[in-house]
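What follows is the content of protein.cif (mmCIF, C-alpha atoms and all ligand atoms).
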```cif
data_entry
loop_
_atom_site.group_PDB
_atom_site.id
_atom_site.type_symbol
_atom_site.label_atom_id
_atom_site.label_comp_id
_atom_site.auth_asym_id
_atom_site.auth_seq_id
_atom_site.Cartn_x
_atom_site.Cartn_y
_atom_site.Cartn_z
ATOM 1 C CA MET A 1 5.479 -10.908 65.650
ATOM 2 C CA THR A 2 6.661 -10.948 62.123
ATOM 3 C CA ILE A 3 7.127 -14.719 62.269
ATOM 4 C CA ALA A 4 3.658 -15.299 63.646
ATOM 5 C CA THR A 5 2.050 -13.195 60.938
ATOM 6 C CA THR A 6 3.961 -15.044 58.290
ATOM 7 C CA SER A 7 2.976 -18.463 59.552
ATOM 8 C CA PHE A 8 -0.632 -17.308 59.855
ATOM 9 C CA ARG A 9 -0.579 -16.247 56.262
ATOM 10 C CA ILE A 10 0.925 -19.544 55.215
ATOM 11 C CA ARG A 11 -1.687 -21.438 57.152
ATOM 12 C CA ARG A 12 -4.463 -19.440 55.572
ATOM 13 C CA VAL A 13 -3.141 -20.108 52.167
ATOM 14 C CA GLN A 14 -2.835 -23.787 52.918
ATOM 15 C CA ARG A 15 -6.325 -23.877 54.318
ATOM 16 C CA CYS A 16 -7.703 -22.167 51.300
ATOM 17 C CA ARG A 17 -6.092 -24.739 49.098
ATOM 18 C CA HIS A 18 -7.622 -27.535 51.107
ATOM 19 C CA GLU A 19 -10.974 -25.883 51.520
ATOM 20 C CA ARG A 20 -11.880 -25.590 47.885
ATOM 21 C CA PRO A 21 -9.987 -28.255 46.054
ATOM 22 C CA ARG A 22 -12.767 -29.207 43.678
ATOM 23 C CA ARG A 23 -13.688 -25.653 42.628
ATOM 24 C CA ALA A 24 -10.019 -24.703 42.221
ATOM 25 C CA GLU A 25 -9.400 -27.724 40.048
ATOM 26 C CA ALA A 26 -12.579 -27.160 38.128
ATOM 27 C CA GLY A 27 -11.519 -23.499 37.613
ATOM 28 C CA ARG A 28 -8.123 -24.612 36.397
ATOM 29 C CA GLY A 29 -9.815 -27.019 34.066
ATOM 30 C CA TRP A 30 -11.970 -24.324 32.548
ATOM 31 C CA ARG A 31 -9.043 -21.935 32.283
ATOM 32 C CA PHE A 32 -7.020 -24.637 30.548
ATOM 33 C CA LEU A 33 -9.900 -25.368 28.183
ATOM 34 C CA LEU A 34 -10.377 -21.655 27.477
ATOM 35 C CA SER A 35 -6.715 -20.994 26.781
ATOM 36 C CA LEU A 36 -6.620 -24.114 24.594
ATOM 37 C CA THR A 37 -9.661 -22.873 22.676
ATOM 38 C CA SER A 38 -8.213 -19.387 22.191
ATOM 39 C CA LEU A 39 -4.877 -20.911 21.151
ATOM 40 C CA VAL A 40 -6.675 -22.960 18.534
ATOM 41 C CA LEU A 41 -9.091 -20.182 17.516
ATOM 42 C CA ALA A 42 -6.737 -17.158 17.425
ATOM 43 C CA PRO A 43 -4.943 -18.276 14.239
ATOM 44 C CA VAL A 44 -8.313 -19.253 12.758
ATOM 45 C CA VAL A 45 -9.654 -15.717 13.412
ATOM 46 C CA VAL A 46 -6.498 -14.127 11.934
ATOM 47 C CA ALA A 47 -6.518 -16.540 8.996
ATOM 48 C CA GLY A 48 -10.238 -15.800 8.566
ATOM 49 C CA ALA A 49 -9.613 -12.025 8.420
ATOM 50 C CA GLU A 50 -6.766 -12.492 5.951
ATOM 51 C CA GLU A 51 -8.869 -14.820 3.842
ATOM 52 C CA ALA A 52 -11.694 -12.256 3.832
ATOM 53 C CA ARG A 53 -9.232 -9.566 2.614
ATOM 54 C CA ALA A 54 -7.936 -11.935 -0.083
ATOM 55 C CA ILE A 55 -11.521 -12.519 -1.258
ATOM 56 C CA GLU A 56 -12.104 -8.727 -1.357
ATOM 57 C CA ARG A 57 -8.903 -8.305 -3.397
ATOM 58 C CA ALA A 58 -10.011 -11.021 -5.826
ATOM 59 C CA ARG A 59 -13.346 -9.208 -6.246
ATOM 60 C CA MET A 60 -11.490 -5.900 -6.781
ATOM 61 C CA VAL A 61 -9.302 -7.484 -9.476
ATOM 62 C CA ALA A 62 -12.407 -8.907 -11.192
ATOM 63 C CA GLU A 63 -13.859 -5.354 -11.331
ATOM 64 C CA ILE A 64 -10.561 -3.976 -12.655
ATOM 65 C CA ARG A 65 -10.565 -6.667 -15.366
ATOM 66 C CA THR A 66 -14.056 -5.604 -16.442
ATOM 67 C CA MET A 67 -13.036 -1.924 -16.583
ATOM 68 C CA ILE A 68 -9.866 -2.726 -18.515
ATOM 69 C CA THR A 69 -11.999 -4.561 -21.086
ATOM 70 C CA GLN A 70 -14.525 -1.691 -21.227
ATOM 71 C CA THR A 71 -11.816 0.941 -21.806
ATOM 72 C CA ARG A 72 -9.567 -1.033 -24.160
ATOM 73 C CA GLY A 73 -10.829 0.892 -27.200
ATOM 74 C CA GLN A 74 -9.310 4.067 -25.685
ATOM 75 C CA THR A 75 -6.325 2.730 -23.778
ATOM 76 C CA GLY A 76 -5.130 0.062 -26.191
ATOM 77 C CA VAL A 77 -4.714 -2.195 -23.139
ATOM 78 C CA ALA A 78 -6.826 -5.287 -23.892
ATOM 79 C CA ARG A 79 -6.031 -7.097 -20.646
ATOM 80 C CA LEU A 80 -3.769 -6.923 -17.627
ATOM 81 C CA SER A 81 -0.704 -9.130 -17.699
ATOM 82 C CA ALA A 82 -0.686 -12.000 -15.217
ATOM 83 C CA HIS A 83 2.077 -10.475 -13.096
ATOM 84 C CA VAL A 84 0.246 -7.119 -12.738
ATOM 85 C CA GLU A 85 -2.896 -8.992 -11.654
ATOM 86 C CA ALA A 86 -0.797 -10.995 -9.197
ATOM 87 C CA ALA A 87 0.621 -7.768 -7.735
ATOM 88 C CA MET A 88 -2.884 -6.291 -7.351
ATOM 89 C CA LEU A 89 -3.970 -9.509 -5.624
ATOM 90 C CA ALA A 90 -0.969 -9.426 -3.311
ATOM 91 C CA VAL A 91 -0.779 -5.854 -1.960
ATOM 92 C CA PRO A 92 -2.776 -5.347 1.269
ATOM 93 C CA ARG A 93 -4.423 -2.050 0.233
ATOM 94 C CA HIS A 94 -6.202 -1.728 3.614
ATOM 95 C CA LEU A 95 -2.818 -1.284 5.328
ATOM 96 C CA PHE A 96 -2.207 1.885 3.299
ATOM 97 C CA LEU A 97 -5.385 3.624 4.511
ATOM 98 C CA ASP A 98 -5.784 5.794 7.611
ATOM 99 C CA ASP A 99 -8.284 3.231 8.885
ATOM 100 C CA PRO A 100 -7.217 -0.331 8.007
ATOM 101 C CA ASP A 101 -10.744 -1.506 8.931
ATOM 102 C CA ASP A 102 -12.362 0.771 6.339
ATOM 103 C CA PRO A 103 -14.979 -1.484 4.705
ATOM 104 C CA SER A 104 -14.383 0.216 1.339
ATOM 105 C CA ALA A 105 -10.637 -0.554 1.397
ATOM 106 C CA TYR A 106 -11.010 -2.713 -1.734
ATOM 107 C CA ALA A 107 -13.761 -0.755 -3.473
ATOM 108 C CA ASN A 108 -12.779 0.302 -6.980
ATOM 109 C CA HIS A 109 -12.678 4.034 -6.274
ATOM 110 C CA PRO A 110 -10.197 6.590 -4.869
ATOM 111 C CA LEU A 111 -10.118 7.164 -1.090
ATOM 112 C CA PRO A 112 -8.942 10.149 0.997
ATOM 113 C CA ILE A 113 -5.566 9.733 2.716
ATOM 114 C CA GLY A 114 -5.387 13.039 4.583
ATOM 115 C CA LEU A 115 -3.914 16.478 3.792
ATOM 116 C CA GLY A 116 -6.378 16.774 0.897
ATOM 117 C CA GLN A 117 -4.740 13.912 -1.040
ATOM 118 C CA THR A 118 -6.166 10.631 -2.322
ATOM 119 C CA ILE A 119 -5.097 7.044 -2.886
ATOM 120 C CA SER A 120 -5.863 6.399 -6.566
ATOM 121 C CA GLN A 121 -8.635 4.149 -7.836
ATOM 122 C CA PRO A 122 -7.359 0.527 -8.045
ATOM 123 C CA TYR A 123 -8.244 0.398 -11.786
ATOM 124 C CA MET A 124 -6.007 3.450 -12.366
ATOM 125 C CA VAL A 125 -3.160 1.927 -10.312
ATOM 126 C CA ALA A 126 -3.417 -1.291 -12.350
ATOM 127 C CA LEU A 127 -3.617 0.539 -15.695
ATOM 128 C CA MET A 128 -0.648 2.820 -14.934
ATOM 129 C CA THR A 129 1.379 -0.165 -13.721
ATOM 130 C CA GLU A 130 0.526 -2.106 -16.890
ATOM 131 C CA LEU A 131 1.619 0.846 -19.062
ATOM 132 C CA ALA A 132 4.829 1.391 -17.065
ATOM 133 C CA ALA A 133 5.524 -2.364 -17.479
ATOM 134 C CA PRO A 134 8.160 -2.723 -14.742
ATOM 135 C CA GLY A 135 10.341 -5.817 -15.175
ATOM 136 C CA PRO A 136 11.970 -7.847 -12.383
ATOM 137 C CA LEU A 137 15.388 -6.230 -12.906
ATOM 138 C CA ASP A 138 14.060 -2.673 -13.344
ATOM 139 C CA ARG A 139 14.566 0.481 -11.324
ATOM 140 C CA VAL A 140 11.342 2.460 -11.074
ATOM 141 C CA LEU A 141 10.635 6.015 -9.943
ATOM 142 C CA GLU A 142 7.264 7.158 -8.661
ATOM 143 C CA ILE A 143 6.383 10.845 -8.200
ATOM 144 C CA GLY A 144 3.637 11.367 -5.583
ATOM 145 C CA THR A 145 4.004 8.632 -2.943
ATOM 146 C CA GLY A 146 0.748 9.532 -1.170
ATOM 147 C CA SER A 147 -0.231 6.470 0.870
ATOM 148 C CA GLY A 148 2.547 4.296 -0.581
ATOM 149 C CA TYR A 149 0.056 1.867 -2.210
ATOM 150 C CA GLN A 150 1.140 2.412 -5.835
ATOM 151 C CA ALA A 151 4.780 2.132 -4.706
ATOM 152 C CA ALA A 152 3.966 -1.240 -3.101
ATOM 153 C CA VAL A 153 2.360 -2.504 -6.325
ATOM 154 C CA LEU A 154 5.460 -1.413 -8.281
ATOM 155 C CA ALA A 155 7.699 -3.004 -5.640
ATOM 156 C CA GLU A 156 5.981 -6.364 -6.232
ATOM 157 C CA LEU A 157 7.205 -6.230 -9.844
ATOM 158 C CA ALA A 158 10.474 -4.261 -9.990
ATOM 159 C CA ALA A 159 13.896 -4.728 -8.429
ATOM 160 C CA ARG A 160 13.958 -1.293 -6.858
ATOM 161 C CA VAL A 161 11.455 1.554 -6.387
ATOM 162 C CA GLU A 162 12.309 5.143 -5.511
ATOM 163 C CA THR A 163 9.268 7.220 -4.636
ATOM 164 C CA ILE A 164 9.087 10.913 -3.765
ATOM 165 C CA GLU A 165 6.390 12.849 -1.905
ATOM 166 C CA ILE A 166 6.270 16.623 -1.469
ATOM 167 C CA LEU A 167 4.255 16.561 1.798
ATOM 168 C CA GLU A 168 6.694 15.358 4.431
ATOM 169 C CA PRO A 169 4.092 13.942 6.898
ATOM 170 C CA LEU A 170 2.719 11.739 4.093
ATOM 171 C CA ALA A 171 6.247 10.634 3.145
ATOM 172 C CA ILE A 172 6.960 9.623 6.752
ATOM 173 C CA GLU A 173 3.676 7.699 7.082
ATOM 174 C CA ALA A 174 4.154 5.942 3.743
ATOM 175 C CA ARG A 175 7.690 4.948 4.740
ATOM 176 C CA GLU A 176 6.334 3.376 7.927
ATOM 177 C CA ARG A 177 3.486 1.594 6.135
ATOM 178 C CA LEU A 178 5.737 0.174 3.433
ATOM 179 C CA ALA A 179 8.196 -1.097 6.055
ATOM 180 C CA ALA A 180 5.374 -2.604 8.152
ATOM 181 C CA ALA A 181 4.008 -4.377 5.067
ATOM 182 C CA GLY A 182 7.499 -5.819 4.435
ATOM 183 C CA TYR A 183 8.556 -3.884 1.310
ATOM 184 C CA GLU A 184 12.329 -3.622 1.572
ATOM 185 C CA ASN A 185 13.015 -2.599 -2.036
ATOM 186 C CA VAL A 186 11.272 0.803 -1.790
ATOM 187 C CA ARG A 187 12.878 4.047 -0.666
ATOM 188 C CA VAL A 188 10.619 7.004 0.167
ATOM 189 C CA HIS A 189 12.064 10.492 -0.408
ATOM 190 C CA ALA A 190 10.546 13.750 0.797
ATOM 191 C CA GLY A 191 10.783 16.612 -1.706
ATOM 192 C CA ASP A 192 9.604 18.088 -4.994
ATOM 193 C CA GLY A 193 9.398 15.241 -7.487
ATOM 194 C CA TRP A 194 9.325 17.645 -10.459
ATOM 195 C CA HIS A 195 13.126 17.312 -10.301
ATOM 196 C CA GLY A 196 12.943 13.494 -10.116
ATOM 197 C CA VAL A 197 15.517 11.692 -7.964
ATOM 198 C CA PRO A 198 18.600 12.035 -10.207
ATOM 199 C CA GLU A 199 21.078 10.463 -7.770
ATOM 200 C CA GLN A 200 19.298 7.069 -7.998
ATOM 201 C CA GLY A 201 18.574 7.118 -11.759
ATOM 202 C CA PRO A 202 18.422 6.382 -14.594
ATOM 203 C CA TYR A 203 15.085 4.584 -14.437
ATOM 204 C CA ASP A 204 13.452 1.968 -16.630
ATOM 205 C CA ALA A 205 10.004 3.316 -15.771
ATOM 206 C CA ILE A 206 8.604 6.474 -14.162
ATOM 207 C CA VAL A 207 5.046 6.731 -12.832
ATOM 208 C CA VAL A 208 3.675 10.173 -11.930
ATOM 209 C CA THR A 209 0.507 10.124 -9.821
ATOM 210 C CA ALA A 210 -0.234 13.874 -9.766
ATOM 211 C CA VAL A 211 -1.174 15.993 -12.790
ATOM 212 C CA ALA A 212 1.510 18.206 -14.389
ATOM 213 C CA GLU A 213 0.922 20.988 -16.925
ATOM 214 C CA ALA A 214 3.683 19.509 -19.068
ATOM 215 C CA LEU A 215 6.152 16.631 -18.838
ATOM 216 C CA PRO A 216 8.921 17.794 -16.430
ATOM 217 C CA PRO A 217 12.200 17.766 -18.456
ATOM 218 C CA PRO A 218 14.251 16.251 -15.559
ATOM 219 C CA LEU A 219 12.061 13.128 -15.676
ATOM 220 C CA LEU A 220 12.773 12.621 -19.365
ATOM 221 C CA GLU A 221 16.494 13.055 -18.665
ATOM 222 C CA GLN A 222 16.369 10.414 -15.907
ATOM 223 C CA LEU A 223 14.592 7.888 -18.172
ATOM 224 C CA ARG A 224 16.825 5.139 -19.566
ATOM 225 C CA PRO A 225 16.654 4.462 -23.341
ATOM 226 C CA GLY A 226 13.917 1.843 -23.795
ATOM 227 C CA GLY A 227 12.058 3.246 -20.754
ATOM 228 C CA ARG A 228 8.519 4.552 -20.222
ATOM 229 C CA ILE A 229 6.893 7.454 -18.346
ATOM 230 C CA VAL A 230 3.197 7.305 -17.402
ATOM 231 C CA ILE A 231 1.881 10.729 -16.402
ATOM 232 C CA PRO A 232 -1.381 12.695 -16.284
ATOM 233 C CA ILE A 233 -1.024 16.000 -18.153
ATOM 234 C CA GLY A 234 -3.314 19.034 -17.987
ATOM 235 C CA PRO A 235 -4.101 22.245 -16.117
ATOM 236 C CA ALA A 236 -4.383 21.820 -12.314
ATOM 237 C CA PHE A 237 -8.138 22.467 -12.420
ATOM 238 C CA GLY A 238 -9.404 21.203 -15.752
ATOM 239 C CA ALA A 239 -9.419 18.161 -18.001
ATOM 240 C CA HIS A 240 -6.470 15.794 -17.626
ATOM 241 C CA ASP A 241 -5.114 13.239 -20.070
ATOM 242 C CA LEU A 242 -3.156 10.155 -19.115
ATOM 243 C CA MET A 243 -0.090 10.042 -21.376
ATOM 244 C CA LEU A 244 2.550 7.423 -22.072
ATOM 245 C CA TYR A 245 5.999 8.607 -23.185
ATOM 246 C CA SER A 246 8.471 6.045 -24.494
ATOM 247 C CA LYS A 247 12.174 6.568 -25.126
ATOM 248 C CA ASP A 248 13.602 4.215 -27.746
ATOM 249 C CA ALA A 249 17.089 2.704 -27.718
ATOM 250 C CA ALA A 250 18.418 5.671 -29.703
ATOM 251 C CA GLY A 251 16.898 8.148 -27.219
ATOM 252 C CA ALA A 252 13.995 9.309 -29.453
ATOM 253 C CA VAL A 253 10.797 10.010 -27.511
ATOM 254 C CA SER A 254 7.276 9.171 -28.676
ATOM 255 C CA GLU A 255 3.992 9.948 -26.926
ATOM 256 C CA ARG A 256 0.684 8.095 -26.765
ATOM 257 C CA TRP A 257 -2.628 9.412 -25.448
ATOM 258 C CA ILE A 258 -4.272 6.860 -23.167
ATOM 259 C CA LEU A 259 -7.529 8.270 -21.732
ATOM 260 C CA PRO A 260 -9.101 11.226 -19.892
ATOM 261 C CA VAL A 261 -8.422 11.107 -16.133
ATOM 262 C CA ARG A 262 -8.674 13.198 -12.972
ATOM 263 C CA PHE A 263 -5.717 13.667 -10.581
ATOM 264 C CA VAL A 264 -4.621 16.011 -7.783
ATOM 265 C CA PRO A 265 -2.131 18.669 -8.993
ATOM 266 C CA LEU A 266 1.645 18.271 -9.025
ATOM 267 C CA THR A 267 2.562 21.146 -6.722
ATOM 268 C CA ARG A 268 5.963 22.852 -6.726
ATOM 269 C CA SER A 269 8.245 23.699 -3.839
ATOM 270 C CA GLU A 270 9.248 27.373 -3.474
ATOM 271 C CA ASP A 271 12.985 26.861 -4.116
HETATM 272 N N1 LIG A 301 0.376 7.280 -5.540
HETATM 273 C C1 LIG A 301 -0.416 7.618 -4.385
HETATM 274 C C2 LIG A 301 -1.542 8.583 -4.673
HETATM 275 C C3 LIG A 301 -1.041 9.876 -5.091
HETATM 276 S S1 LIG A 301 -1.991 11.304 -4.809
HETATM 277 C C4 LIG A 301 -0.967 6.406 -3.722
HETATM 278 O O1 LIG A 301 -0.799 5.284 -4.207
HETATM 279 O O2 LIG A 301 -1.558 6.550 -2.660
HETATM 280 C C5 LIG A 301 -0.742 12.413 -5.404
HETATM 281 C C6 LIG A 301 0.353 12.684 -4.437
HETATM 282 O O3 LIG A 301 1.323 13.490 -5.106
HETATM 283 C C7 LIG A 301 -0.079 13.474 -3.220
HETATM 284 O O4 LIG A 301 0.279 12.806 -2.054
HETATM 285 C C8 LIG A 301 0.673 14.802 -3.358
HETATM 286 O O5 LIG A 301 1.056 15.368 -2.122
HETATM 287 C C9 LIG A 301 1.882 14.377 -4.162
HETATM 288 N N2 LIG A 301 2.560 15.459 -4.889
HETATM 289 C C10 LIG A 301 2.023 16.567 -5.456
HETATM 290 N N3 LIG A 301 2.975 17.307 -6.034
HETATM 291 C C11 LIG A 301 4.153 16.668 -5.825
HETATM 292 C C12 LIG A 301 5.507 16.935 -6.166
HETATM 293 N N4 LIG A 301 5.866 18.034 -6.841
HETATM 294 N N5 LIG A 301 6.451 16.052 -5.806
HETATM 295 C C13 LIG A 301 6.135 14.929 -5.107
HETATM 296 N N6 LIG A 301 4.870 14.629 -4.740
HETATM 297 C C14 LIG A 301 3.898 15.474 -5.101
#
```
Taking this structure as input, can you express it in the form of structure tokens?
Amino acid sequence: MTIATTSFRIRRVQRCRHERPRRAEAGRGWRFLLSLTSLVLAPVVVAGAEEARAIERARMVAEIRTMITQTRGQTGVARLSAHVEAAMLAVPRHLFLDDPDDPSAYANHPLPIGLGQTISQPYMVALMTELAAPGPLDRVLEIGTGSGYQAAVLAELAARVETIEILEPLAIEARERLAAAGYENVRVHAGDGWHGVPEQGPYDAIVVTAVAEALPPPLLEQLRPGGRIVIPIGPAFGAHDLMLYSKDAAGAVSERWILPVRFVPLTRSED
């Protein structure tokens, strides 16, 4: 019984093969053509999407350049250096947003990243990076990881970036995004950045992306002689000023006012 059923099945299969040879072959032909087309087109579609993002980044950098020129009277920054522009052109900002398909991923304004926080305006990221001036052998500390975008820009330029975020879910997400985007020289810490990250210091540059009422003394301590701190200073809900602190070789600190800004507050942990 079993044998008969089996042979019947085999016969049916064989008959089917013989019955519709032309259609089967024609179907195979189409399938082959389709898979060949998708094989050829898939990289074109991906390359097309990447090219479109690169064009958006180039447009974003052009806007940043214009703003840098417009604000140079205040900031003293006449133009972005070539390597800062290259970093802004390189970092895939859309990958640091909640929705990577957000059409305003490369618009020159801040965007929400959840938990009431924001990814800074690209102009501000570029300006702060220019002022921090990270060199290829430098260790950099960022306070306020947020999305991880500013950390990625710094990681394009410095040897090593330590970044600390007080909201643990954001720290975890940023860690994942930075790893997915291939940044291996960034370490994301979860905690209160007011204290800095002393165990990894001293640092050649420190970038603070949340507003503090005054410069946190631990950050100054963790700054190497010859280093720079870029930080917004002001009351949590009021006018903020972007400041640049520089420590000379002898350890003397000087400050420079850059321009009025608006940032989310540097909050403090309870301990
Ligand atoms: N640099 C970020 C944007 C920062 S928004 C980016 O590129 O996306 C400021 C961030 O600072 C927020 O995520 C906020 O949670 C964080 N923050 C506020 N106070 C902090 C503190 N004391 N220590 C560390 N991070 C802090």
Set the cut-off to 7 Å, count all atoms listed in the file, and list whatever residues fall near ligand LIG 301 (chain A) as a ChimeraX atom specification.
-> /A:117-120,143-151,164-167,170,191-194,209-210,264-269
Selected by the PyMOL selection byres (((chain A and resi 195-206) around 8) and not hetatm) in the shown coordinates: which residues, as a PyMOL selection string?
-> chain A and resi 132-134+138-143+162+164+192-194+207-208+216+218-219+222-230
For Leu80 of chain A, which of A:Ala105, A:Thr129, A:Glu56, A:Gly251 is the closest residue, counting all atoms listed in the file?
-> A:Thr129
Quick one, how far is atom CA of Tyr183 of chain A from atom CA of Met67 of chain A?
->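 Atom CA of Met67 of chain A lies at a distance of 28.1 Å from atom CA of Tyr183 of chain A.
Using only C-alpha atoms, the smallest distance between any of A:Met243, A:Ile64, A:Leu178, A:Ala49 and Val84 of chain A comes from A:Ile64.
Nearest to Thr71 of chain A of all the residues A:Leu111, A:Asn185, A:Ala239, A:Leu127 is A:Leu127, counting all atoms listed in the file.
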Tell me, in Å to one decimal, how far atom CA of Pro112 of chain A is from atom CA of Thr163 of chain A.
->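 A separation of 19.3 Å between them.
Residue nearest Asp241 of chain A within the list A:Leu220, A:Ala181, A:Ala212, A:Glu51: A:Ala212 [criterion: smallest interatomic distance, all atoms listed in the file].
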For each of A:Asp98, A:Val253, A:Ala214, A:Asp248, take the minimum atom-to-atom distance to Gly234 of chain A, counting all atoms listed in the file, then give the residue where this is smallest.
->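 Going through A:Asp98, A:Val253, A:Ala214, A:Asp248 one by one, the smallest distance to Gly234 of chain A is for A:Ala214.
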Correct to one decimal, the distance atom CA of Val186 of chain A-atom CA of Leu157 of chain A is 11.4 Å
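Of the listed residues (A:Pro122, A:Pro232, A:Pro169, A:Gly48), A:Pro232 comes nearest to Phe263 of chain A; the distances count all atoms listed in the file.
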